[in-house]
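S.K.: Below you will find the structure I want to go over with you.
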Amino acid sequence: MKHTGPLKKNTAFRAVYARGISSASRLLVLYVLPNETGFNRLGVTVSRKVGKAVERNRIKRLIKENYRLAEGNLQTGYDMVVVARAAAGASVAEKSLFDGIGRSLRYLLKKNGLLL
């Protein structure tokens with residue numbers, strides 16, 4: 001299984017936002033920037049517009065879990081930032097939110113040519 005590290009520093013997030021390629025779906029926005037490492041780095045951002053802390057943390061966990069499930073089929077050497085949109089917060093109560101986030105994430109990864 002491939003290893004993905006965290007994207008933690010503000011400068012790294014800003015670099016991905018400024019120089020990366022973005023694509024969006026109804027629930028998520030994905031920014032991708034090639035890096036010089038042999039592994040991927042993932043950052044997740046959920047704005048206060050999405051909801052209270054409980055909902056934001058739930059959405060972060062769902063994004064990370066869906067990424068983990070797709071990780072084995074991804075190309076390596078990229079910095080990725082996933083931003084949850086307000087529509088994700090509106091559907092927090094839905095039981096199918098996990099599937100919706102998974103579909104959106106796979107769509108964005110495939111659209112950027114990262115999904116094998």
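Residues in the structure tokens are named by chain (A, B, ... in the order shown) and by number from 1 within that chain; ligands are numbered from 1 in the order shown.
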Step one, run DSSP on the backbone; step two, keep only residues of chain A assigned to strand (DSSP E or B); then write them as a PyMOL selection string.
M.R.: chain A and resi 4-6+21-24+28-34+40-46+74+78-84+115
S.K.: Deliver the residues from the most recent selection as a file, using C-alpha atoms, as a PDB file, in the first residue's frame.
M.R.:
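The file below, selection_2.pdb, is the result:
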```pdb
ATOM      1  CA  THR A   4       0.358   9.431   2.112  1.00  0.00           C
ATOM      2  CA  GLY A   5       1.728  12.069   4.429  1.00  0.00           C
ATOM      3  CA  PRO A   6      -0.083  15.068   5.839  1.00  0.00           C
ATOM      4  CA  ILE A  21      -4.653  22.869 -10.740  1.00  0.00           C
ATOM      5  CA  SER A  22      -8.166  22.990  -9.326  1.00  0.00           C
ATOM      6  CA  SER A  23     -11.321  21.146 -10.220  1.00  0.00           C
ATOM      7  CA  ALA A  24     -14.670  21.144  -8.481  1.00  0.00           C
ATOM      8  CA  LEU A  28     -15.687  19.182  -3.030  1.00  0.00           C
ATOM      9  CA  VAL A  29     -12.905  21.193  -4.654  1.00  0.00           C
ATOM     10  CA  LEU A  30      -9.566  19.474  -5.316  1.00  0.00           C
ATOM     11  CA  TYR A  31      -6.268  21.317  -5.777  1.00  0.00           C
ATOM     12  CA  VAL A  32      -3.343  19.248  -7.120  1.00  0.00           C
ATOM     13  CA  LEU A  33       0.334  20.176  -7.408  1.00  0.00           C
ATOM     14  CA  PRO A  34       3.203  17.799  -8.314  1.00  0.00           C
ATOM     15  CA  ASN A  40       1.461  12.014  -1.845  1.00  0.00           C
ATOM     16  CA  ARG A  41       0.605  14.610   0.762  1.00  0.00           C
ATOM     17  CA  LEU A  42      -3.017  15.356   1.624  1.00  0.00           C
ATOM     18  CA  GLY A  43      -4.558  18.410   3.252  1.00  0.00           C
ATOM     19  CA  VAL A  44      -8.242  18.816   4.066  1.00  0.00           C
ATOM     20  CA  THR A  45      -9.975  22.161   4.613  1.00  0.00           C
ATOM     21  CA  VAL A  46     -13.528  22.691   5.801  1.00  0.00           C
ATOM     22  CA  LEU A  74      -3.477   6.637  -7.043  1.00  0.00           C
ATOM     23  CA  TYR A  78       1.470  14.980  -5.615  1.00  0.00           C
ATOM     24  CA  ASP A  79       0.336  17.495  -3.016  1.00  0.00           C
ATOM     25  CA  MET A  80      -3.452  17.555  -2.775  1.00  0.00           C
ATOM     26  CA  VAL A  81      -5.797  19.860  -0.904  1.00  0.00           C
ATOM     27  CA  VAL A  82      -9.459  18.899  -0.631  1.00  0.00           C
ATOM     28  CA  VAL A  83     -11.859  21.713   0.247  1.00  0.00           C
ATOM     29  CA  ALA A  84     -15.399  20.887   1.335  1.00  0.00           C
ATOM     30  CA  LEU A 115      -6.734   7.628 -10.396  1.00  0.00           C
TER      31      LEU A 115
END
```
S.K.: Could you give me the residues within chain A that DSSP places in helix (DSSP H, G or I), as a PyMOL selection string?
M.R.: chain A and resi 10-19+48-50+53-73+86-90+97-111
S.K.: Taking only C-alpha atoms into account, name the residue in A:Gly113, A:Gly20, A:Gly100, A:Gly89 that is nearest to Glu55 in chain A.
M.R.: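 Of A:Gly113, A:Gly20, A:Gly100, A:Gly89, the one nearest Glu55 in chain A, counting only C-alpha atoms, is A:Gly89.
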S.K.: Between CA of Tyr107 in chain A and CA of Lys9 in chain A, what distance in Å does the model show, to one decimal?
M.R.: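 Separation of CA of Tyr107 in chain A and CA of Lys9 in chain A: 26.6 Å.
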S.K.: Can you pull out every residue within 12 Å of Phe98 in chain A, counting only C-alpha atoms, but drop anything in the same chain fewer than 6 positions away, and send it as a list in words?
M.R.: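 In the requested format, the answer is Leu27, Arg58, Ile59, Lys60, Arg61, Leu62, Ile63, Lys64, Glu65, Asn66, Tyr67, Leu69, Ala88, Ser91, Val92, Ser104 and Leu105 of chain A.
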